[in-house]
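Content type compact mmCIF, C-alpha atoms and all ligand atoms, from the file data_38.txt:
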# COMPACT_ATOMS: atom_id res chain seq x y z
CA MET A 182 141.04 141.14 124.32
CA PRO A 183 139.47 144.57 123.65
CA GLY A 184 140.50 147.57 125.74
CA THR A 185 140.31 151.34 125.68
CA ILE A 186 141.61 153.30 122.67
CA TYR A 187 142.19 157.03 122.50
CA LEU A 188 141.44 158.26 118.98
CA CYS A 189 143.24 161.57 118.95
CA THR A 190 142.89 163.56 115.72
CA ASP A 191 142.13 166.90 114.14
CA PHE A 192 139.36 165.34 112.03
CA ASP A 193 136.52 167.37 110.61
CA ASP A 194 132.93 166.01 110.56
CA ARG A 195 133.41 164.24 107.23
CA GLU A 196 136.55 162.47 108.45
CA TRP A 197 134.91 161.39 111.71
CA ALA A 198 132.00 159.95 109.75
CA GLU A 199 134.43 158.01 107.56
CA TRP A 200 136.96 156.81 110.12
CA LEU A 201 135.06 155.99 113.31
CA PRO A 202 132.83 153.30 111.75
CA ALA A 203 135.78 151.84 109.82
CA LEU A 204 137.93 151.61 112.96
CA ARG A 205 135.03 150.26 115.03
CA GLY A 206 134.50 147.60 112.37
CA ALA A 207 138.17 146.59 112.44
CA LEU A 208 138.39 146.62 116.24
CA PRO A 209 135.03 145.47 117.61
CA GLY A 210 134.31 145.65 121.33
CA GLU A 211 136.77 148.46 122.11
CA ARG A 212 135.90 151.49 124.18
CA TRP A 213 136.67 154.56 122.08
CA ILE A 214 137.71 157.86 123.64
CA THR A 215 137.84 160.84 121.34
CA ARG A 216 138.25 163.84 123.66
CA ARG A 217 141.23 164.94 125.71
CA ASP A 218 139.19 165.47 128.93
CA ASP A 219 137.72 161.95 128.63
CA ALA A 220 141.21 160.62 127.96
CA LEU A 221 142.47 162.14 131.20
CA ALA A 222 139.48 160.74 133.09
CA HIS A 223 140.29 157.25 131.72
CA ALA A 224 144.06 157.62 131.61
CA ALA A 225 144.63 154.43 133.61
CA GLU A 226 142.74 152.32 131.05
CA ILE A 227 144.02 153.68 127.72
CA ASP A 228 146.70 151.41 126.25
CA VAL A 229 146.57 152.45 122.59
CA ALA A 230 146.46 155.87 120.94
CA ILE A 231 145.45 156.10 117.29
CA VAL A 232 146.50 159.50 116.03
CA ALA A 233 146.20 161.87 113.08
CA ASN A 234 147.77 165.28 113.68
CA PRO A 235 147.21 165.18 117.47
CA ALA A 236 147.43 168.56 119.20
CA PRO A 237 150.75 169.01 121.05
CA GLY A 238 150.51 167.68 124.60
CA SER A 239 147.53 165.42 123.94
CA LEU A 240 149.46 162.15 124.47
CA GLN A 241 150.87 163.18 127.84
CA GLY A 242 149.67 161.68 131.13
CA LEU A 243 148.71 158.24 129.74
CA PRO A 244 150.76 155.84 131.90
CA ARG A 245 149.58 152.55 130.31
CA LEU A 246 150.15 153.55 126.69
CA ARG A 247 151.92 150.77 124.79
CA LEU A 248 151.32 151.75 121.17
CA ILE A 249 150.93 155.01 119.29
CA GLN A 250 149.57 154.21 115.84
CA SER A 251 149.57 156.97 113.25
CA LEU A 252 146.84 156.99 110.61
CA TRP A 253 149.18 158.93 108.33
CA ALA A 254 152.28 157.59 106.58
CA GLY A 255 154.47 160.63 107.28
CA VAL A 256 155.41 161.06 110.94
CA ASP A 257 157.58 164.19 110.72
CA ARG A 258 155.00 166.22 112.63
CA LEU A 259 154.74 163.64 115.43
CA LEU A 260 158.53 163.39 115.72
CA SER A 261 158.89 167.15 115.98
CA ASP A 262 156.48 167.23 118.97
CA PRO A 263 158.58 166.78 122.14
CA THR A 264 155.46 165.94 124.16
CA VAL A 265 154.88 162.66 122.28
CA PRO A 266 156.20 160.01 124.74
CA ALA A 267 159.54 158.81 123.35
CA ASP A 268 159.45 155.47 125.18
CA VAL A 269 156.19 154.25 123.59
CA PRO A 270 156.50 152.39 120.25
CA LEU A 271 155.31 154.58 117.38
CA ALA A 272 153.96 152.91 114.25
CA ARG A 273 153.13 154.70 111.01
CA MET A 274 150.58 153.86 108.34
CA VAL A 275 151.79 151.50 105.66
CA ASP A 276 148.99 150.41 103.37
CA PRO A 277 149.52 148.78 99.96
CA ALA A 278 146.43 150.64 98.68
CA MET A 279 148.20 153.96 99.41
CA ASN A 280 151.41 152.82 97.76
CA GLU A 281 149.42 152.03 94.61
CA ALA A 282 147.68 155.41 94.71
CA MET A 283 151.07 157.14 95.01
CA ALA A 284 152.44 155.15 92.07
CA GLU A 285 149.40 156.22 90.00
CA THR A 286 149.98 159.89 90.76
CA ALA A 287 153.68 159.61 89.94
CA LEU A 288 152.90 157.78 86.71
CA TRP A 289 150.40 160.48 85.67
CA ALA A 290 152.99 163.20 86.34
CA VAL A 291 155.88 161.42 84.61
CA LEU A 292 153.76 160.38 81.62
CA SER A 293 152.40 163.91 81.26
CA LEU A 294 155.91 165.36 81.37
CA HIS A 295 157.27 162.71 79.02
CA ARG A 296 154.59 163.24 76.37
CA GLY A 297 154.35 167.02 76.85
CA PHE A 298 150.69 166.91 77.91
CA PHE A 299 151.11 169.83 80.35
CA ASP A 300 152.62 171.85 77.50
CA TYR A 301 149.75 170.88 75.16
CA ALA A 302 147.22 171.98 77.82
CA ASP A 303 148.98 175.38 77.84
CA GLN A 304 148.84 175.48 74.04
CA GLN A 305 145.10 174.78 74.12
CA ARG A 306 144.53 177.77 76.41
CA GLN A 307 146.40 179.87 73.82
CA LEU A 308 144.72 178.25 70.78
CA ILE A 309 148.09 177.01 69.52
CA TRP A 310 148.15 173.95 67.24
CA ARG A 311 151.77 172.82 67.36
CA GLN A 312 153.17 169.29 67.39
CA HIS A 313 156.33 168.44 69.29
CA GLY A 314 158.56 165.43 68.80
CA GLN A 315 157.64 162.22 70.63
CA ARG A 316 160.27 160.48 72.74
CA ARG A 317 160.26 156.78 73.54
CA ALA A 318 159.67 155.93 77.20
CA ASP A 319 163.07 154.26 77.50
CA ALA A 320 164.70 157.54 76.47
CA LEU A 321 163.23 159.30 79.51
CA ARG A 322 165.44 159.07 82.58
CA VAL A 323 163.53 159.19 85.85
CA GLY A 324 165.16 159.55 89.27
CA VAL A 325 163.09 158.40 92.24
CA LEU A 326 164.35 159.76 95.56
CA GLY A 327 163.37 157.44 98.41
CA LEU A 328 162.90 153.71 97.93
CA GLY A 329 160.62 153.06 100.88
CA GLU A 330 157.01 151.93 100.77
CA MET A 331 155.90 154.55 98.26
CA GLY A 332 159.17 155.04 96.41
CA ARG A 333 159.70 151.35 95.74
CA THR A 334 156.18 150.80 94.39
CA THR A 335 156.48 153.95 92.29
CA ALA A 336 159.93 153.15 90.90
CA LEU A 337 158.85 149.63 89.90
CA ARG A 338 155.67 150.93 88.28
CA LEU A 339 157.60 153.51 86.28
CA ALA A 340 160.17 150.91 85.21
CA SER A 341 157.36 148.58 84.12
CA GLN A 342 156.11 151.39 81.84
CA GLY A 343 159.50 151.39 80.16
CA TYR A 344 161.12 154.44 81.78
CA ALA A 345 164.83 154.34 82.57
CA VAL A 346 164.57 154.56 86.36
CA THR A 347 167.30 155.21 88.90
CA GLY A 348 166.36 154.97 92.59
CA TRP A 349 168.14 156.69 95.46
CA SER A 350 168.03 155.67 99.12
CA ARG A 351 170.02 156.11 102.32
CA ARG A 352 171.32 152.54 102.40
CA PRO A 353 172.19 150.39 99.36
CA ALA A 354 169.15 148.82 97.73
CA ALA A 355 168.53 146.44 94.83
CA LEU A 356 165.34 146.46 92.77
CA PRO A 357 164.75 144.42 89.62
CA GLY A 358 165.05 146.43 86.40
CA LEU A 359 166.31 149.59 88.13
CA ARG A 360 169.62 151.29 88.63
CA THR A 361 170.09 152.25 92.26
CA THR A 362 172.40 154.57 94.07
CA HIS A 363 172.58 155.70 97.68
CA GLY A 364 173.98 158.07 100.24
CA PRO A 365 175.13 161.68 99.85
CA GLU A 366 177.58 160.71 97.09
CA GLY A 367 174.78 159.12 95.03
CA LEU A 368 172.59 162.21 95.16
CA ARG A 369 174.56 164.24 92.65
CA THR A 370 174.46 161.35 90.16
CA VAL A 371 170.73 160.73 90.43
CA LEU A 372 169.93 164.43 90.10
CA ARG A 373 172.37 164.98 87.24
CA ASP A 374 171.20 161.96 85.23
CA ALA A 375 167.42 162.45 85.33
CA ASP A 376 164.97 164.20 83.01
CA VAL A 377 162.33 163.91 85.75
CA VAL A 378 163.03 163.68 89.48
CA VAL A 379 160.24 162.26 91.67
CA ASN A 380 160.67 163.02 95.37
CA LEU A 381 159.37 160.38 97.79
CA LEU A 382 161.69 160.96 100.74
CA PRO A 383 160.54 161.26 104.33
CA LEU A 384 161.03 164.67 105.95
CA THR A 385 163.97 164.36 108.33
CA PRO A 386 166.75 166.72 109.45
CA ASP A 387 168.85 165.29 106.57
CA THR A 388 166.23 165.79 103.86
CA ARG A 389 164.66 169.12 104.89
CA GLY A 390 165.46 171.75 102.26
CA LEU A 391 167.15 169.16 100.04
CA PHE A 392 165.97 170.93 96.89
CA ASN A 393 167.81 174.20 97.48
CA ARG A 394 169.60 176.39 94.96
CA GLU A 395 172.70 174.21 94.92
CA ARG A 396 170.94 170.83 94.52
CA LEU A 397 168.54 172.25 91.92
CA SER A 398 171.59 173.40 89.95
CA TRP A 399 172.81 169.79 89.90
CA MET A 400 169.70 168.77 87.95
CA ALA A 401 170.01 168.35 84.20
CA PRO A 402 169.13 171.54 82.29
CA GLY A 403 165.44 171.39 81.32
CA ALA A 404 164.60 168.62 83.81
CA SER A 405 161.38 168.63 85.83
CA LEU A 406 160.67 168.07 89.51
CA VAL A 407 157.72 166.11 90.89
CA ASN A 408 157.36 166.57 94.64
CA LEU A 409 154.86 164.19 96.21
CA ALA A 410 156.49 163.88 99.66
CA ARG A 411 156.68 166.96 101.90
CA GLY A 412 156.70 170.66 101.07
CA ALA A 413 159.65 171.40 103.33
CA HIS A 414 161.89 169.29 101.07
CA VAL A 415 161.85 172.19 98.62
CA ILE A 416 162.98 175.78 99.10
CA GLU A 417 160.15 177.29 97.10
CA ASP A 418 161.94 180.55 96.24
CA ASP A 419 164.92 178.56 94.91
CA LEU A 420 162.58 176.40 92.83
CA LEU A 421 160.89 179.47 91.35
CA ALA A 422 164.29 180.95 90.54
CA ALA A 423 165.36 177.70 88.81
CA LEU A 424 162.13 177.71 86.74
CA GLU A 425 162.57 181.37 85.83
CA ALA A 426 166.18 180.81 84.81
CA GLY A 427 165.10 177.93 82.55
CA GLN A 428 167.25 175.53 84.56
CA LEU A 429 164.09 173.52 85.27
CA HIS A 430 161.31 173.01 82.74
CA ARG A 431 158.36 172.23 85.05
CA ALA A 432 157.37 171.38 88.60
CA VAL A 433 154.47 169.20 89.64
CA LEU A 434 153.83 169.84 93.33
CA ASP A 435 151.40 168.08 95.66
CA VAL A 436 152.88 169.36 98.91
CA PHE A 437 153.97 172.80 100.10
CA ALA A 438 155.84 174.51 102.91
CA THR A 439 152.50 176.02 104.01
CA GLU A 440 149.27 174.13 103.39
CA PRO A 441 146.77 175.08 102.15
CA LEU A 442 149.00 176.92 99.68
CA PRO A 443 148.42 180.65 100.41
CA ALA A 444 146.59 182.56 97.68
CA ALA A 445 149.55 184.95 97.43
CA SER A 446 152.01 182.16 96.54
CA PRO A 447 153.45 182.68 93.05
CA LEU A 448 153.36 178.89 92.63
CA TRP A 449 149.58 179.04 92.04
CA ARG A 450 150.00 181.22 88.97
CA HIS A 451 153.33 180.08 87.58
CA PRO A 452 152.73 178.84 84.01
CA ARG A 453 155.07 175.88 84.44
CA VAL A 454 153.94 174.73 87.88
CA THR A 455 151.11 172.24 88.42
CA VAL A 456 149.55 172.44 91.88
CA LEU A 457 147.69 169.59 93.57
CA PRO A 458 146.12 170.02 97.04
CA HIS A 459 148.02 167.21 98.86
CA VAL A 460 146.09 164.37 97.27
CA ALA A 461 148.85 162.18 95.77
CA ALA A 462 147.92 159.25 98.03
CA GLN A 463 145.10 159.60 100.49
CA THR A 464 144.70 157.16 103.35
CA ASP A 465 141.86 154.78 102.58
CA ALA A 466 139.87 154.46 105.83
CA ARG A 467 138.70 150.93 105.14
CA SER A 468 142.02 149.29 104.27
CA ALA A 469 143.96 151.45 106.75
CA SER A 470 141.63 150.44 109.58
CA GLN A 471 142.46 146.79 108.90
CA VAL A 472 146.17 147.66 109.13
CA VAL A 473 145.54 149.44 112.44
CA GLY A 474 143.45 146.55 113.74
CA ARG A 475 146.26 144.06 113.16
CA ASN A 476 148.80 146.23 114.95
CA VAL A 477 146.54 146.88 117.95
CA GLN A 478 145.95 143.15 118.30
CA ALA A 479 149.72 142.55 118.11
CA ALA A 480 150.28 145.15 120.84
CA ARG A 481 147.71 143.48 123.08
CA SER A 482 148.97 139.93 122.51
CA GLY A 483 152.68 140.76 122.76
CA GLY A 484 153.17 140.04 119.05
CA ALA A 485 155.57 141.85 116.72
CA LEU A 486 154.49 145.40 115.91
CA ALA A 487 154.56 146.36 112.24
CA HIS A 488 155.88 149.56 110.65
CA LEU A 489 157.62 150.95 113.70
CA VAL A 490 159.28 154.32 113.25
CA ASN A 491 163.03 154.47 113.79
CA ARG A 492 163.14 157.61 115.90
CA MET A 493 166.92 157.96 115.49
CA ALA A 494 166.67 157.91 111.67
CA GLY A 495 163.57 160.14 111.77
CA TYR A 496 161.33 157.91 109.64
P1 LIG B 501 159.48 155.32 103.89
O1 LIG B 501 159.89 155.67 105.28
O2 LIG B 501 158.89 153.99 103.66
O3 LIG B 501 160.75 155.43 102.90
C1 LIG B 501 161.76 156.31 103.08
C2 LIG B 501 162.80 156.12 101.97
O4 LIG B 501 163.62 157.30 101.92
C3 LIG B 501 163.73 154.95 102.23
O5 LIG B 501 164.11 154.33 101.03
C4 LIG B 501 164.96 155.63 102.86
O6 LIG B 501 166.18 154.97 102.65
C5 LIG B 501 164.99 156.93 102.08
N1 LIG B 501 165.71 157.96 102.85
C6 LIG B 501 165.46 158.44 104.08
N2 LIG B 501 166.38 159.36 104.42
C7 LIG B 501 167.24 159.44 103.39
C8 LIG B 501 168.42 160.19 103.16
N3 LIG B 501 168.90 161.06 104.06
N4 LIG B 501 169.07 160.01 101.99
C9 LIG B 501 168.61 159.13 101.07
N5 LIG B 501 167.50 158.39 101.23
C10 LIG B 501 166.83 158.55 102.38
O7 LIG B 501 158.51 156.50 103.39
P2 LIG B 501 157.16 156.34 102.55
O8 LIG B 501 157.50 155.72 101.25
O9 LIG B 501 156.08 155.74 103.35
O10 LIG B 501 156.77 157.89 102.33
C11 LIG B 501 157.50 158.71 101.44
C12 LIG B 501 157.06 160.15 101.55
O11 LIG B 501 155.71 160.31 101.05
C13 LIG B 501 157.03 160.73 102.95
O12 LIG B 501 157.58 162.03 102.94
C14 LIG B 501 155.55 160.84 103.27
O13 LIG B 501 155.31 161.85 104.22
C15 LIG B 501 155.00 161.18 101.91
N6 LIG B 501 153.58 160.95 101.72
C16 LIG B 501 152.90 161.83 100.92
C17 LIG B 501 151.55 161.65 100.68
C18 LIG B 501 150.82 162.57 99.77
O14 LIG B 501 149.61 162.41 99.60
N7 LIG B 501 151.48 163.52 99.14
C19 LIG B 501 150.82 160.52 101.26
C20 LIG B 501 151.65 159.64 102.05
C21 LIG B 501 152.99 159.85 102.25
P3 LIG B 501 166.45 153.47 103.22
O15 LIG B 501 165.67 152.55 102.30
O16 LIG B 501 167.89 153.30 103.10
O17 LIG B 501 165.91 153.46 104.63

I'd like the structure from this file rewritten - as structure tokens, please.
Amino acid sequence: MPGTIYLCTDFDDREWAEWLPALRGALPGERWITRRDDALAHAAEIDVAIVANPAPGSLQGLPRLRLIQSLWAGVDRLLSDPTVPADVPLARMVDPAMNEAMAETALWAVLSLHRGFFDYADQQRQLIWRQHGQRRADALRVGVLGLGEMGRTTALRLASQGYAVTGWSRRPAALPGLRTTHGPEGLRTVLRDADVVVNLLPLTPDTRGLFNRERLSWMAPGASLVNLARGAHVIEDDLLAALEAGQLHRAVLDVFATEPLPAASPLWRHPRVTVLPHVAAQTDARSASQVVGRNVQAARSGGALAHLVNRMAGY
């Protein structure tokens, strides 16, 4: 039974043009409210909020709300907003198409590091013709931090390419063809034993600033860091110092403490840093709208809600 949905976002014109038709297609017959003043006028009818970076305070005063559905996978921003009603179930975006996109980005980064393609691109800029030795994939040790939706897909994809993958999670996990480790005691091992570390952790109080001077010093000399999760996982000054000291060989970064990355950031110009503008896995409006549609229908029919956030754990 259709109802009234508050679509509460910071979308620009391009995003509205992409998302509104896709959501309308997945949830036909709904009344869509897209402005805060309209939401207040229809507060008694709105039972679902679909959100993407909602402005603080915008979910207050909606007494019938029974589902907050995020269009984004990461919910750290929503959880840090005390005005988001804590008693309404909060679901995040989990879309197999996004997991695949993330695995592709990670594979590109790991393969490029493994085969020295970033170094060869540097050589081309300097007109240097120099061949380096070629390692077998199974000689490259890859640590994947976070074995959730994205981390699991990524770790399995990397293992299927022949890399020697170790995964790290909060609780014990088992994945075919992978070594796994968990908890604070497992962190030192996974960092120490990897040539490339791929970060796919959620941003929580436990993981914020994880890559600081001390943890970076646990990494194997000459290892590389691929951060595809959240910028605040990395203390950028400590990373730059580790690169300068030669402790780390390279960093491939898709996410930053401040986004867009400020022009003054030394990361832009560092010869051994590759910068991507937060594009490792974009939400696909068409497939994500189907995911949203199923959850809204479950909320309306009293069915089980998928991909609920554990507010205590922070992800
Ligand atoms: P999930 O919530 O599905 O997975 C989280 C994983 O991290 C779980 O394996 C969890 O362990 C583990 N974890 C959480 N806390 C800790 C901890 N303290 N110590 C060890 N392990 C921990 O996240 P997703 O896979 O959906 O997302 C991963 C990251 O990717 C997020 O930061 C998200 O914001 C980011 N992202 C980035 C995008 C981009 O374009 N760059 C796009 C989309 C997402 P356990 O299994 O035990 O629960």

| said: Neighbours of ligand LIG 501 (chain B) at 7 Å or closer, counting only C-alpha atoms and all ligand atoms: which residues, as a PyMOL selection string? | reply: chain A and resi 253-256+275+326-332+349-354+363-365+381-385+387-388+409-411+435-436+459-463+496

| message | Please list as a PyMOL selection string every residue within 10 Å of Pro357 in chain A, counting only C-alpha atoms and excluding residues in the same chain fewer than 2 positions away. | response | chain A and resi 337+340+355+359-361

Keeping only C-alpha atoms, write the selected residues as a PDB file, in the frame of the given file.
ATOM      1  CA  LEU A 337     158.850 149.630  89.900  1.00  0.00           C
ATOM      2  CA  ALA A 340     160.170 150.910  85.210  1.00  0.00           C
ATOM      3  CA  ALA A 355     168.530 146.440  94.830  1.00  0.00           C
ATOM      4  CA  LEU A 359     166.310 149.590  88.130  1.00  0.00           C
ATOM      5  CA  ARG A 360     169.620 151.290  88.630  1.00  0.00           C
ATOM      6  CA  THR A 361     170.090 152.250  92.260  1.00  0.00           C
TER       7      THR A 361
END

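The interatomic distance for the pair CA of Asn393 in chain A and CA of Leu424 in chain A works out to 12.6 Å.
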
| field | Residues near Val323 in chain A, cut-off 9 Å, only C-alpha atoms, skip fewer than 6 positions along chain, as number ranges by chain | value | A: 291, 336, 339-340, 344-348, 371, 374-379

| remark: From CA of Leu434 in chain A to CA of Ala422 in chain A the spacing works out at 15.5 Å

To test the calculation: enclose all listed atoms of range 458-461 of chain A in a box whose edges run along x, y and z, add 5 Å on each side, then state centre and edge lengths in Å to one decimal, as JSON.
{"center_x": 147.5, "center_y": 166.1, "center_z": 97.3, "size_x": 12.8, "size_y": 17.8, "size_z": 13.1}

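With all atoms listed in the file as the basis for measurement, A:Leu252 is the residue among A:Val456, A:Leu252, A:Asp218, A:Leu243 that approaches Met279 in chain A most closely.
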
| field | Test item: residues at most 12 Å from Gly238 in chain A, only C-alpha atoms, excluding those fewer than 4 positions along its chain, as a PyMOL selection string | value | chain A and resi 189+217+221+234+242-243+259+262-266

Just-selected residues, C-alpha atoms written as a PDB file, in the coordinates of the input:
ATOM      1  CA  CYS A 189     143.240 161.570 118.950  1.00  0.00           C
ATOM      2  CA  ARG A 217     141.230 164.940 125.710  1.00  0.00           C
ATOM      3  CA  LEU A 221     142.470 162.140 131.200  1.00  0.00           C
ATOM      4  CA  ASN A 234     147.770 165.280 113.680  1.00  0.00           C
ATOM      5  CA  GLY A 242     149.670 161.680 131.130  1.00  0.00           C
ATOM      6  CA  LEU A 243     148.710 158.240 129.740  1.00  0.00           C
ATOM      7  CA  LEU A 259     154.740 163.640 115.430  1.00  0.00           C
ATOM      8  CA  ASP A 262     156.480 167.230 118.970  1.00  0.00           C
ATOM      9  CA  PRO A 263     158.580 166.780 122.140  1.00  0.00           C
ATOM     10  CA  THR A 264     155.460 165.940 124.160  1.00  0.00           C
ATOM     11  CA  VAL A 265     154.880 162.660 122.280  1.00  0.00           C
ATOM     12  CA  PRO A 266     156.200 160.010 124.740  1.00  0.00           C
TER      13      PRO A 266
END

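With all atoms listed in the file as the atoms that count, the residue of A:Pro235, A:Gly297, A:Gly184, A:Gly495 with the shortest distance to Arg247 in chain A is A:Gly184.
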
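Between CA of Val325 in chain A and CA of Arg389 in chain A there is a distance of 16.7 Å.
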
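Nearest to Arg396 in chain A of all the residues A:Arg317, A:Arg369, A:His414, A:His223 is A:Arg369, counting all atoms listed in the file.
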
| Cut-off 12 Å around (155.9, 157.5, 120.0) with all atoms listed in the file: residues as an NGL selection string | :A and (229-232 or 235 or 240-241 or 246-251 or 256-273 or 489-493 or 495-496)
